[in-house]
file my_file-v5.cif (mmCIF, C-alpha atoms)
data_data
loop_
_atom_site.label_atom_id
_atom_site.label_comp_id
_atom_site.auth_asym_id
_atom_site.auth_seq_id
_atom_site.Cartn_x
_atom_site.Cartn_y
_atom_site.Cartn_z
CA MET V 1 -18.80 -10.65 22.54
CA ASN V 2 -22.47 -11.44 22.23
CA LEU V 3 -23.31 -10.61 18.66
CA SER V 4 -27.01 -10.63 19.30
CA VAL V 5 -27.06 -7.64 21.61
CA ARG V 6 -24.43 -5.66 19.81
CA SER V 7 -25.93 -2.26 19.22
CA ARG V 8 -25.12 -0.43 16.07
CA SER V 9 -25.38 3.24 15.51
CA CYS V 10 -26.62 4.97 12.49
CA ILE V 11 -24.36 5.31 9.48
CA GLY V 12 -25.48 3.34 6.48
CA MET V 13 -27.25 0.63 8.40
CA GLY V 14 -30.92 -0.12 7.98
CA SER V 15 -33.59 -1.00 10.49
CA ASP V 16 -32.92 -4.74 10.06
CA ASP V 17 -30.22 -4.44 12.66
CA ILE V 18 -32.52 -3.14 15.31
CA LYS V 19 -35.17 -5.78 14.69
CA GLU V 20 -32.68 -8.60 14.71
CA GLY V 21 -30.58 -7.06 17.46
CA GLY V 22 -33.27 -7.34 20.14
CA LYS V 23 -32.90 -10.11 22.70
CA GLY V 24 -35.08 -13.13 22.17
CA LEU V 25 -35.36 -12.83 18.40
CA VAL V 26 -31.93 -14.27 17.73
CA LYS V 27 -31.70 -17.83 16.58
CA ASP V 28 -28.77 -19.83 15.38
CA ILE V 29 -28.66 -20.56 11.70
CA THR V 30 -26.40 -22.85 9.78
CA ILE V 31 -24.16 -21.81 6.93
CA ARG V 32 -21.29 -23.42 5.07
CA ILE V 33 -17.93 -21.68 4.81
CA ASP V 34 -15.40 -23.41 2.54
CA ASP V 35 -17.03 -26.80 3.07
CA LYS V 36 -17.22 -26.39 6.84
CA GLU V 37 -20.67 -26.32 8.38
CA ILE V 38 -21.02 -23.57 10.98
CA SER V 39 -23.83 -22.53 13.27
CA ALA V 40 -23.95 -18.83 14.13
CA PRO V 41 -26.47 -16.30 15.46
CA SER V 42 -28.71 -14.70 12.85
CA GLY V 43 -27.84 -11.07 12.29
CA SER V 44 -24.13 -11.87 12.15
CA THR V 45 -22.14 -10.85 9.11
CA ILE V 46 -20.17 -13.33 7.05
CA LEU V 47 -16.97 -11.65 8.19
CA GLU V 48 -17.86 -11.97 11.88
CA VAL V 49 -18.65 -15.65 11.54
CA ALA V 50 -15.63 -16.39 9.36
CA LYS V 51 -13.22 -14.64 11.73
CA ALA V 52 -14.74 -16.31 14.79
CA ASN V 53 -14.14 -19.67 13.11
CA GLY V 54 -10.55 -19.03 12.09
CA PHE V 55 -10.98 -18.20 8.41
CA TYR V 56 -8.73 -15.48 7.02
CA ILE V 57 -10.42 -12.72 5.04
CA PRO V 58 -8.34 -9.61 4.33
CA THR V 59 -9.86 -6.32 5.54
CA LEU V 60 -8.92 -2.66 5.56
CA CYS V 61 -11.92 -0.45 6.35
CA HIS V 62 -13.33 -2.90 8.91
CA LEU V 63 -12.56 -2.25 12.56
CA ASP V 64 -14.20 -4.17 15.40
CA GLY V 65 -16.41 -1.67 17.21
CA LEU V 66 -17.30 0.48 14.19
CA THR V 67 -20.23 0.00 11.82
CA ASP V 68 -19.17 -1.83 8.67
CA ILE V 69 -19.74 0.04 5.41
CA GLY V 70 -17.95 -2.09 2.79
CA ALA V 71 -15.83 0.84 1.62
CA CYS V 72 -12.54 -0.85 0.75
CA ARG V 73 -13.89 -4.04 -0.93
CA MET V 74 -10.94 -6.08 0.32
CA CYS V 75 -13.15 -8.54 2.23
CA VAL V 76 -14.99 -9.85 -0.82
CA VAL V 77 -16.11 -13.46 -0.71
CA SER V 78 -18.16 -15.61 -3.04
CA VAL V 79 -21.71 -16.52 -2.05
CA GLY V 80 -23.21 -18.93 -4.55
CA GLY V 81 -20.94 -17.52 -7.25
CA LYS V 82 -21.82 -13.91 -6.46
CA ILE V 83 -19.09 -11.62 -5.14
CA VAL V 84 -20.15 -9.72 -2.01
CA THR V 85 -18.42 -7.79 0.75
CA SER V 86 -18.38 -10.11 3.75
CA CYS V 87 -18.40 -7.24 6.27
CA THR V 88 -21.81 -5.96 5.17
CA THR V 89 -23.51 -9.21 4.16
CA LYS V 90 -25.61 -10.94 6.81
CA ILE V 91 -25.65 -14.70 6.95
CA THR V 92 -28.79 -16.51 5.85
CA GLU V 93 -29.87 -20.11 6.39
CA GLY V 94 -28.03 -22.51 4.11
CA MET V 95 -25.71 -19.84 2.72
CA GLU V 96 -22.60 -21.22 1.00
CA VAL V 97 -19.57 -19.00 1.33
CA ILE V 98 -16.18 -19.37 -0.33
CA THR V 99 -13.49 -17.25 1.33
CA ASN V 100 -10.59 -18.18 -0.91
CA SER V 101 -10.21 -19.01 -4.58
CA ASP V 102 -8.00 -17.96 -7.47
CA ARG V 103 -10.66 -15.53 -8.62
CA LEU V 104 -11.06 -13.95 -5.16
CA ALA V 105 -7.29 -13.66 -4.77
CA GLU V 106 -7.11 -11.96 -8.16
CA LEU V 107 -9.95 -9.56 -7.34
CA ARG V 108 -8.43 -8.66 -3.98
CA ARG V 109 -4.99 -8.11 -5.46
CA LEU V 110 -6.35 -5.93 -8.26
CA ASN V 111 -8.41 -3.98 -5.74
CA LEU V 112 -5.32 -3.48 -3.59
CA GLU V 113 -3.34 -2.31 -6.60
CA LEU V 114 -6.07 0.18 -7.44
CA ILE V 115 -5.94 1.52 -3.87
CA PHE V 116 -2.17 1.98 -4.16
CA ALA V 117 -2.46 3.57 -7.60
CA GLU V 118 -5.20 6.02 -6.64
CA ARG V 119 -3.11 8.17 -4.27
CA ASN V 120 0.57 8.82 -3.57
CA HIS V 121 1.66 6.08 -1.18
CA VAL V 122 5.40 6.50 -0.69
CA CYS V 123 6.19 4.03 2.10
CA SER V 124 9.86 4.95 2.43
CA MET V 125 9.17 8.49 3.63
CA CYS V 126 5.85 7.93 5.37
CA VAL V 127 5.50 8.45 9.12
CA SER V 128 3.50 5.22 9.25
CA ASN V 129 6.15 3.11 7.50
CA ASN V 130 6.39 -0.30 9.23
CA HIS V 131 3.13 0.36 11.11
CA CYS V 132 0.68 0.60 8.24
CA GLU V 133 -2.30 -1.66 7.57
CA LEU V 134 -2.13 -0.99 3.81
CA GLN V 135 1.56 -1.88 3.70
CA ASP V 136 0.90 -5.01 5.78
CA LEU V 137 -1.87 -6.09 3.45
CA ALA V 138 0.42 -5.77 0.42
CA CYS V 139 2.79 -8.20 2.19
CA ASP V 140 -0.01 -10.55 3.24
CA LEU V 141 -1.47 -10.73 -0.27
CA GLY V 142 1.94 -11.01 -1.92
CA MET V 143 1.55 -7.92 -4.11
CA GLN V 144 4.62 -7.92 -6.37
CA HIS V 145 4.01 -4.60 -8.06
CA VAL V 146 1.18 -2.30 -9.13
CA GLU V 147 0.19 -3.25 -12.66
CA VAL V 148 -2.39 -0.48 -13.14
CA PRO V 149 -0.92 2.96 -13.92
CA TYR V 150 -0.45 5.23 -10.93
CA ALA V 151 -2.73 8.28 -10.90
CA TYR V 152 -0.31 10.68 -9.14
CA PRO V 153 -3.01 13.16 -8.04
CA ARG V 154 -1.91 16.48 -6.58
CA LEU V 155 -3.48 16.59 -3.15
CA SER V 156 -3.27 18.90 -0.19
CA ILE V 157 -2.06 18.40 3.35
CA ASP V 158 -4.00 20.12 6.15
CA ALA V 159 -1.71 20.91 9.09
CA THR V 160 -3.90 23.62 10.62
CA HIS V 161 -4.89 21.52 13.63
CA PRO V 162 -2.54 22.14 16.57
CA LYS V 163 -1.87 18.43 17.20
CA PHE V 164 -2.76 16.48 14.07
CA ILE V 165 -2.28 16.43 10.30
CA VAL V 166 -4.41 15.01 7.50
CA ASP V 167 -2.44 14.09 4.37
CA HIS V 168 -4.85 13.21 1.56
CA ASN V 169 -2.01 11.63 -0.43
CA ARG V 170 -2.11 8.66 1.94
CA CYS V 171 -5.88 8.39 2.46
CA ILE V 172 -7.62 5.24 1.24
CA LEU V 173 -11.14 6.56 1.94
CA CYS V 174 -11.93 3.77 4.38
CA GLY V 175 -14.10 6.15 6.40
CA ARG V 176 -12.87 4.91 9.78
CA CYS V 177 -12.28 8.53 10.86
CA VAL V 178 -15.84 9.44 9.88
CA ARG V 179 -17.30 6.48 11.74
CA VAL V 180 -15.22 6.75 14.92
CA CYS V 181 -15.91 10.47 15.21
CA ALA V 182 -19.67 9.95 14.80
CA GLU V 183 -20.19 6.63 16.56
CA VAL V 184 -17.69 6.70 19.41
CA GLU V 185 -16.74 10.32 20.04
CA GLY V 186 -20.13 11.68 18.94
CA ALA V 187 -18.57 14.80 17.48
CA HIS V 188 -19.38 14.27 13.76
CA VAL V 189 -16.41 16.37 12.63
CA TRP V 190 -15.35 14.12 9.75
CA GLY V 191 -17.32 13.66 6.56
CA ILE V 192 -16.79 12.61 2.98
CA ALA V 193 -17.12 15.02 0.06
CA GLY V 194 -16.87 14.61 -3.70
CA ARG V 195 -17.29 11.52 -5.85
CA GLY V 196 -15.04 8.96 -7.52
CA ARG V 197 -11.42 9.98 -7.64
CA GLU V 198 -12.35 13.47 -6.41
CA THR V 199 -13.53 12.06 -3.08
CA LEU V 200 -11.91 13.50 0.04
CA VAL V 201 -12.40 13.19 3.76
CA ILE V 202 -13.30 16.62 5.10
CA THR V 203 -13.60 18.28 8.49
CA GLU V 204 -16.96 19.92 9.15
CA LEU V 205 -18.21 21.30 5.83
CA GLY V 206 -14.81 21.37 4.19
CA ILE V 207 -13.14 23.99 6.36
CA ASP V 208 -9.58 23.72 7.71
CA TRP V 209 -9.32 21.18 10.52
CA GLY V 210 -7.82 23.85 12.78
CA ASP V 211 -10.99 25.93 12.37
CA ALA V 212 -13.35 23.03 13.08
CA GLU V 213 -14.84 24.01 16.43
CA THR V 214 -16.70 20.71 16.81
CA CYS V 215 -13.38 18.81 17.01
CA THR V 216 -12.66 17.74 20.58
CA ASP V 217 -8.98 17.00 19.81
CA CYS V 218 -9.55 13.44 21.12
CA GLY V 219 -7.31 11.80 18.50
CA LYS V 220 -9.52 8.76 17.90
CA CYS V 221 -9.39 9.39 14.15
CA VAL V 222 -5.60 9.25 14.35
CA GLU V 223 -5.62 5.93 16.18
CA VAL V 224 -8.02 4.21 13.79
CA CYS V 225 -6.65 5.57 10.50
CA PRO V 226 -5.04 2.51 8.88
CA THR V 227 -2.37 4.47 6.97
CA GLY V 228 -0.35 7.63 7.45
CA ALA V 229 -3.24 9.84 6.32
CA ILE V 230 -4.24 11.12 9.76
CA VAL V 231 -1.25 11.39 12.05
CA GLU V 232 0.21 13.22 15.01
CA LYS V 233 2.43 16.20 14.34
CA GLY V 234 6.15 15.95 15.01
CA LYS V 235 6.68 12.41 13.74
CA ALA V 236 9.49 11.51 11.34
CA ALA V 237 9.43 8.59 8.88
CA ALA V 238 8.36 5.30 10.48
CA GLU V 239 7.74 6.91 13.89
CA MET V 240 3.94 6.90 13.89
CA GLU V 241 2.47 3.89 15.70
CA LYS V 242 -1.28 3.64 16.05
CA HIS V 243 -3.57 1.68 18.31
CA PRO V 244 -6.93 1.10 16.64
CA GLN V 245 -7.76 -1.65 19.14
CA LEU V 246 -8.20 1.10 21.78
CA VAL V 247 -11.41 2.07 20.04
CA THR V 248 -12.56 -1.56 19.89
CA THR V 249 -11.94 -1.92 23.63
CA LEU V 250 -13.69 1.35 24.39
CA LYS V 251 -16.74 0.32 22.41
CA GLU V 252 -16.89 -3.11 24.07
CA ARG V 253 -16.64 -1.62 27.57
CA ARG V 254 -19.44 0.83 26.86
CA GLU V 255 -21.67 -1.96 25.60
CA ASN V 256 -20.96 -4.10 28.64
CA ASP V 257 -21.96 -1.31 31.05
CA MET W 1 32.70 -23.29 -14.63
CA THR W 2 31.31 -20.45 -16.69
CA LYS W 3 30.38 -17.56 -14.48
CA VAL W 4 26.90 -16.09 -14.56
CA ARG W 5 27.02 -12.65 -16.16
CA VAL W 6 25.42 -10.09 -13.87
CA ALA W 7 24.91 -6.36 -14.47
CA THR W 8 23.65 -3.67 -12.14
CA VAL W 9 22.42 -0.26 -13.29
CA TRP W 10 21.50 2.92 -11.49
CA PHE W 11 18.70 5.14 -12.75
CA SER W 12 16.60 7.60 -10.70
CA GLY W 13 17.55 6.43 -7.24
CA CYS W 14 19.97 7.29 -4.44
CA ALA W 15 22.45 4.37 -4.76
CA GLY W 16 21.08 2.97 -1.51
CA CYS W 17 20.10 -0.29 -3.25
CA HIS W 18 23.68 -0.71 -4.46
CA MET W 19 24.85 -0.04 -0.90
CA SER W 20 22.49 -2.77 0.28
CA PHE W 21 23.95 -5.11 -2.35
CA LEU W 22 27.41 -4.42 -0.89
CA ASP W 23 25.93 -5.16 2.54
CA LEU W 24 25.86 -8.83 1.51
CA ASP W 25 29.28 -8.83 3.16
CA GLU W 26 30.95 -12.25 3.13
CA LEU W 27 28.32 -13.64 0.76
CA LEU W 28 29.93 -11.39 -1.86
CA ILE W 29 33.00 -13.64 -1.72
CA ASP W 30 30.91 -16.72 -2.49
CA LEU W 31 29.03 -14.83 -5.18
CA ALA W 32 32.28 -13.66 -6.78
CA GLU W 33 33.13 -17.29 -7.50
CA ARG W 34 29.86 -17.84 -9.32
CA ILE W 35 29.13 -14.52 -10.97
CA GLU W 36 30.95 -11.94 -13.01
CA ILE W 37 29.89 -8.31 -12.75
CA VAL W 38 29.98 -7.23 -16.39
CA LYS W 39 28.42 -3.79 -15.94
CA SER W 40 27.81 -1.69 -12.87
CA PRO W 41 28.37 1.83 -11.53
CA VAL W 42 31.50 0.36 -9.91
CA VAL W 43 32.79 -1.30 -13.09
CA ASP W 44 34.57 0.75 -15.72
CA THR W 45 32.59 -0.30 -18.78
CA LYS W 46 30.87 2.33 -20.89
CA ALA W 47 28.42 0.42 -23.08
CA PHE W 48 25.91 -2.10 -21.76
CA PRO W 49 27.27 -5.52 -22.79
CA GLU W 50 25.55 -8.26 -24.78
CA ASN W 51 24.40 -11.61 -23.36
CA VAL W 52 23.84 -10.63 -19.76
CA ASP W 53 22.21 -13.30 -17.62
CA VAL W 54 20.81 -11.15 -14.82
CA THR W 55 20.44 -7.37 -14.64
CA LEU W 56 19.49 -5.61 -11.43
CA ILE W 57 17.96 -2.20 -12.03
CA GLU W 58 18.04 0.34 -9.24
CA GLY W 59 15.95 3.47 -9.68
CA ALA W 60 12.97 4.62 -11.68
CA ILE W 61 12.86 5.72 -15.30
CA GLY W 62 13.18 9.49 -15.00
CA ASN W 63 14.85 10.85 -18.14
CA GLU W 64 15.30 10.15 -21.84
CA GLU W 65 18.60 8.36 -21.34
CA HIS W 66 17.01 5.94 -18.86
CA TYR W 67 14.15 5.37 -21.27
CA GLU W 68 16.49 4.44 -24.13
CA LEU W 69 18.95 2.45 -22.07
CA VAL W 70 16.40 0.36 -20.21
CA ARG W 71 15.05 -1.02 -23.48
CA GLU W 72 18.57 -1.87 -24.62
CA ILE W 73 19.09 -3.60 -21.26
CA ARG W 74 15.93 -5.63 -21.73
CA ALA W 75 17.05 -6.75 -25.17
CA ARG W 76 20.47 -7.83 -23.85
CA SER W 77 19.43 -9.44 -20.54
CA LYS W 78 17.85 -12.82 -19.93
CA ILE W 79 16.45 -11.84 -16.52
CA VAL W 80 15.65 -8.32 -15.36
CA ILE W 81 15.13 -7.58 -11.67
CA ALA W 82 13.63 -4.32 -10.40
CA LEU W 83 15.82 -3.61 -7.38
CA GLY W 84 14.12 -1.52 -4.70
CA ASP W 85 11.10 0.73 -4.39
CA CYS W 86 12.17 3.38 -6.95
CA ALA W 87 12.42 0.71 -9.65
CA VAL W 88 9.27 -1.08 -8.47
CA THR W 89 6.95 1.83 -7.63
CA GLY W 90 8.65 5.09 -8.63
CA ASN W 91 8.99 5.88 -4.91
CA VAL W 92 10.57 9.27 -4.05
CA PRO W 93 11.63 10.28 -7.60
CA ALA W 94 7.99 9.85 -8.70
CA MET W 95 6.87 12.44 -6.17
CA ARG W 96 7.50 15.02 -8.88
CA ASN W 97 4.81 13.41 -11.02
CA GLY W 98 1.76 15.61 -11.21
CA ILE W 99 3.94 18.72 -11.27
CA PRO W 100 4.73 20.01 -14.79
CA VAL W 101 8.44 19.52 -15.68
CA LYS W 102 8.73 23.23 -16.59
CA GLU W 103 7.57 24.17 -13.10
CA ILE W 104 10.14 21.83 -11.52
CA LEU W 105 13.04 23.09 -13.63
CA GLU W 106 12.14 26.70 -12.90
CA GLY W 107 11.91 25.86 -9.22
CA VAL W 108 15.34 24.24 -9.20
CA TYR W 109 17.22 26.37 -11.75
CA GLY W 110 15.14 29.55 -11.53
CA LYS W 111 16.49 33.11 -11.28
CA GLU W 112 16.74 33.09 -7.51
CA ARG W 113 19.02 30.03 -7.67
CA THR W 114 22.79 30.05 -8.10
CA THR W 115 22.46 29.05 -11.75
CA ASN W 116 20.88 32.44 -12.35
CA GLY W 117 18.00 31.05 -14.33
CA THR W 118 20.02 28.88 -16.74
CA ILE W 119 18.16 25.64 -17.29
CA PRO W 120 20.60 22.99 -18.56
CA THR W 121 19.64 21.59 -21.96
CA GLU W 122 22.92 20.10 -23.19
CA VAL W 123 24.92 17.07 -22.00
CA VAL W 124 22.29 16.18 -19.37
CA PRO W 125 19.36 14.12 -20.66
CA ALA W 126 15.93 15.75 -20.68
CA LEU W 127 13.49 14.78 -17.95
CA LEU W 128 10.50 12.68 -18.92
CA ASP W 129 7.05 14.15 -18.31
CA ARG W 130 6.72 11.76 -15.43
CA VAL W 131 8.90 9.28 -13.60
CA ARG W 132 7.85 5.69 -14.23
CA PRO W 133 8.47 2.40 -12.48
CA VAL W 134 10.61 0.11 -14.64
CA HIS W 135 7.79 -2.32 -15.41
CA GLU W 136 5.83 0.46 -17.14
CA VAL W 137 8.56 0.62 -19.79
CA ILE W 138 9.88 -2.95 -20.12
CA HIS W 139 8.96 -6.42 -18.91
CA VAL W 140 10.37 -7.09 -15.45
CA ASP W 141 10.88 -10.67 -14.27
CA TYR W 142 11.29 -10.18 -10.52
CA PHE W 143 10.65 -7.41 -8.01
CA LEU W 144 12.71 -6.78 -4.88
CA HIS W 145 10.86 -4.41 -2.53
CA GLY W 146 12.25 -2.09 0.09
CA CYS W 147 13.99 1.23 0.40
CA PRO W 148 16.51 -0.25 0.16
CA PRO W 149 15.74 -3.98 -0.13
CA PRO W 150 17.47 -5.70 2.81
CA ALA W 151 20.74 -7.39 1.83
CA ALA W 152 19.23 -10.71 2.94
CA VAL W 153 16.43 -10.33 0.36
CA ILE W 154 18.88 -9.52 -2.45
CA GLY W 155 21.03 -12.48 -1.43
CA LYS W 156 18.10 -14.87 -1.24
CA ALA W 157 16.86 -13.86 -4.70
CA LEU W 158 20.29 -14.08 -6.32
CA LEU W 159 21.13 -17.45 -4.76
CA ALA W 160 17.79 -18.86 -5.89
CA LEU W 161 18.40 -17.69 -9.46
CA LEU W 162 21.96 -19.08 -9.44
CA ASP W 163 20.49 -22.43 -8.43
CA GLY W 164 18.06 -22.20 -11.33
CA LYS W 165 15.07 -21.62 -9.07
CA THR W 166 12.41 -18.93 -8.87
CA PRO W 167 12.99 -16.57 -5.93
CA GLU W 168 10.20 -17.22 -3.41
CA LEU W 169 9.78 -14.04 -1.40
CA THR W 170 6.90 -13.84 1.04
CA GLY W 171 5.50 -11.78 3.94
CA ARG W 172 7.81 -9.05 5.23
CA GLU W 173 10.31 -9.83 2.48
CA LEU W 174 7.80 -8.06 0.22
CA LYS W 175 7.53 -4.94 2.38
CA PHE W 176 7.74 -1.60 0.63
CA GLY W 177 9.56 1.24 2.37
#

call {"tool": "encode", "arguments": {"input": "my_file-v5.cif", "output": "structure tokens"}}
result
Amino acid sequence: MNLSVRSRSCIGMGSDDIKEGGKGLVKDITIRIDDKEISAPSGSTILEVAKANGFYIPTLCHLDGLTDIGACRMCVVSVGGKIVTSCTTKITEGMEVITNSDRLAELRRLNLELIFAERNHVCSMCVSNNHCELQDLACDLGMQHVEVPYAYPRLSIDATHPKFIVDHNRCILCGRCVRVCAEVEGAHVWGIAGRGRETLVITELGIDWGDAETCTDCGKCVEVCPTGAIVEKGKAAAEMEKHPQLVTTLKERREND
Amino acid sequence: MTKVRVATVWFSGCAGCHMSFLDLDELLIDLAERIEIVKSPVVDTKAFPENVDVTLIEGAIGNEEHYELVREIRARSKIVIALGDCAVTGNVPAMRNGIPVKEILEGVYGKERTTNGTIPTEVVPALLDRVRPVHEVIHVDYFLHGCPPPAAVIGKALLALLDGKTPELTGRELKFG
């Protein structure tokens, strides 16, 4: 993928992208990641460069093909001692990035625990059990248990759509559904309402999904949702397998046309 | 050789973790030569014994009896292991959290039920306001994830402890659910 011509649609991204995204303006700049000197096109994010060079940075809300918004905070790295989200931070000349340290591991693990504690994630009875990016990340980061107290919020399930369900108990507010619906499907059905722990993903202006006439029933939100929050109807525990890479492929093919 | 004194207890859970323990199959024979089960749902001992080396706790802390007993267990056990998702996270029993206990009892024992509205208050311990994972009540030394934890994970952890080592569980061995 040529990072320099990668177009980015609207949400949360400033005009810098457009200026730097034009052909001819891109130049390679040199940064240092964990003591390795790397040359990469300007306009790239730390995450893009790190991944392309084989560094592991945990992510949840990031999906290749969607605009990065830094929602989940899992991809934090240290840049000159400052903690930043690598998915939304562009590289600059001479930048020194640390992708792994005791402090970063601690921050990521605490962040992950907070994500688990915020909603009601009950893996054993979830349709996405064994196929869940949140569950996988807990394994990858070696989360032994959740030290922070669980919040146990009482949240609703919207099963009004004929094919799909949204279960807010399992939502991590990554915003992939919002982004895929706006940027790839162009339907803008999904949005985010409320603040802090009251935040919810909503369909249209907070009406039942089944009444949302702008929904095209395409199911892209289902495929990209990293947990069992947005799922197909009729699935029992552990039966829901998703394919977020379909959206990545779709986006790449459109850009190559 | 003195046998290692092992206890297993069963709080708010389905007994599936104990079933998984029994799924160790022939390893149980080897274990039987090295450990002695001093307290368990399958051992006829009433009180929790003193000087236990390792206690495996299945289930979350859901009622007053659990809450009392788990602290006694901590005081009498050198090593405490949270066995399975209910003990580690609260899992299914904790799904009642967020719903007032009164509402739950009326839903289960209400007038339209066969108990004709009689909510039991004697003999059975009172429910806690909310179900808690074990580590919210006492210090837990090791956590075995899974619903239930695979027998291989239980075996690996026990064998490591018997050899005086720290159980090193990684990757999918740490999977919840």

call {"tool": "resolve_selection", "arguments": {"input": "my_file-v5.cif", "expression": "the PyMOL selection byres ((chain V) within 8 of (chain W))", "output": "list of chain:residue names"}}
result
V:Asn120, V:Val122, V:Cys123, V:Ser124, V:Met125, V:Asn129, V:Asn130, V:Gln135, V:Asp136, V:Ala138, V:Cys139, V:Asp140, V:Gly142, V:Met143, V:Gln144, V:His145, V:Val146, V:Pro149, V:Tyr152, V:Pro153, V:Arg154

call {"tool": "axis_aligned_box", "arguments": {"input": "my_file-v5.cif", "around": "stretch 41-53 of chain V", "padding_each_side": "5 Å", "output": "AutoDock Vina command-line options"}}
result
--center_x -21.0 --center_y -15.3 --center_z 11.3 --size_x 25.5 --size_y 18.8 --size_z 18.4

call {"tool": "closest_residue", "arguments": {"input": "my_file-v5.cif", "among": "V:Met240, V:Ile83, V:Leu137, V:Cys72", "to": "V:Phe164", "atoms": "all atoms listed in the file"}}
result
V:Met240

call {"tool": "atom_distance", "arguments": {"input": "my_file-v5.cif", "atom1": "atom CA of V:Leu134", "atom2": "atom CA of V:Phe116"}}
result
8.5 Å

call {"tool": "resolve_selection", "arguments": {"input": "my_file-v5.cif", "expression": "the PyMOL selection byres ((chain V and resi 170) around 6)", "output": "ChimeraX atom specification"}}
result
/V:121,167-169,171,228-229

call {"tool": "closest_residue", "arguments": {"input": "my_file-v5.cif", "among": "V:Val189, V:Leu155, V:Ala237, V:Leu112", "to": "V:His131", "atoms": "all atoms listed in the file"}}
result
V:Ala237

call {"tool": "atom_distance", "arguments": {"input": "my_file-v5.cif", "atom1": "atom CA of V:Ile165", "atom2": "atom CA of V:Glu198"}}
result
19.7 Å

call {"tool": "atom_distance", "arguments": {"input": "my_file-v5.cif", "atom1": "atom CA of V:Thr59", "atom2": "atom CA of V:Thr99"}}
result
12.3 Å

call {"tool": "residues_around", "arguments": {"input": "my_file-v5.cif", "residues": "stretch 45-59 of chain W", "least_positions_apart": "5", "cutoff": "6 Å", "atoms": "only C-alpha atoms", "output": "ChimeraX atom specification"}}
result
/W:5-13,76-83,86-87

call {"tool": "closest_residue", "arguments": {"input": "my_file-v5.cif", "among": "V:Asp28, V:Asp102, V:Asp217, V:Asp158", "to": "V:Val201", "atoms": "all atoms listed in the file"}}
result
V:Asp158

call {"tool": "residues_near_point", "arguments": {"input": "my_file-v5.cif", "point": "(-1.8, 22.5, 9.1)", "cutoff": "12 Å", "atoms": "only C-alpha atoms", "output": "PyMOL selection string"}}
result
chain V and resi 156-167+207-211+230-234

call {"tool": "closest_residue", "arguments": {"input": "my_file-v5.cif", "among": "V:Lys251, V:Met74, V:Leu63, V:Val97", "to": "V:Ile38", "atoms": "all atoms listed in the file"}}
result
V:Val97

call {"tool": "closest_residue", "arguments": {"input": "my_file-v5.cif", "among": "V:Ser42, V:Thr216, V:Asn53, V:Pro58", "to": "V:Met95", "atoms": "only C-alpha atoms"}}
result
V:Ser42

call {"tool": "decode", "arguments": {"input": "my_file-v5.cif", "residues": "stretch 230-247 of chain V", "atoms": "C-alpha atoms", "output": "PDB file, in the first residue's frame"}}
result
ATOM      1  CA  ILE V 230     -22.861  -5.983  17.053  1.00  0.00           C
ATOM      2  CA  VAL V 231     -23.728  -9.461  15.853  1.00  0.00           C
ATOM      3  CA  GLU V 232     -25.944 -11.460  13.553  1.00  0.00           C
ATOM      4  CA  LYS V 233     -29.171 -12.838  14.938  1.00  0.00           C
ATOM      5  CA  GLY V 234     -29.532 -16.568  15.499  1.00  0.00           C
ATOM      6  CA  LYS V 235     -26.037 -17.240  16.827  1.00  0.00           C
ATOM      7  CA  ALA V 236     -25.418 -19.248  19.993  1.00  0.00           C
ATOM      8  CA  ALA V 237     -22.380 -18.893  22.269  1.00  0.00           C
ATOM      9  CA  ALA V 238     -19.071 -18.936  20.374  1.00  0.00           C
ATOM     10  CA  GLU V 239     -20.788 -19.177  16.971  1.00  0.00           C
ATOM     11  CA  MET V 240     -20.197 -15.625  15.734  1.00  0.00           C
ATOM     12  CA  GLU V 241     -17.124 -15.314  13.517  1.00  0.00           C
ATOM     13  CA  LYS V 242     -16.332 -11.965  11.969  1.00  0.00           C
ATOM     14  CA  HIS V 243     -14.193 -10.865   9.062  1.00  0.00           C
ATOM     15  CA  PRO V 244     -13.011  -7.291   9.561  1.00  0.00           C
ATOM     16  CA  GLN V 245     -10.331  -7.755   6.887  1.00  0.00           C
ATOM     17  CA  LEU V 246     -13.144  -7.739   4.284  1.00  0.00           C
ATOM     18  CA  VAL V 247     -13.502  -4.024   4.903  1.00  0.00           C
TER      19      VAL V 247
END
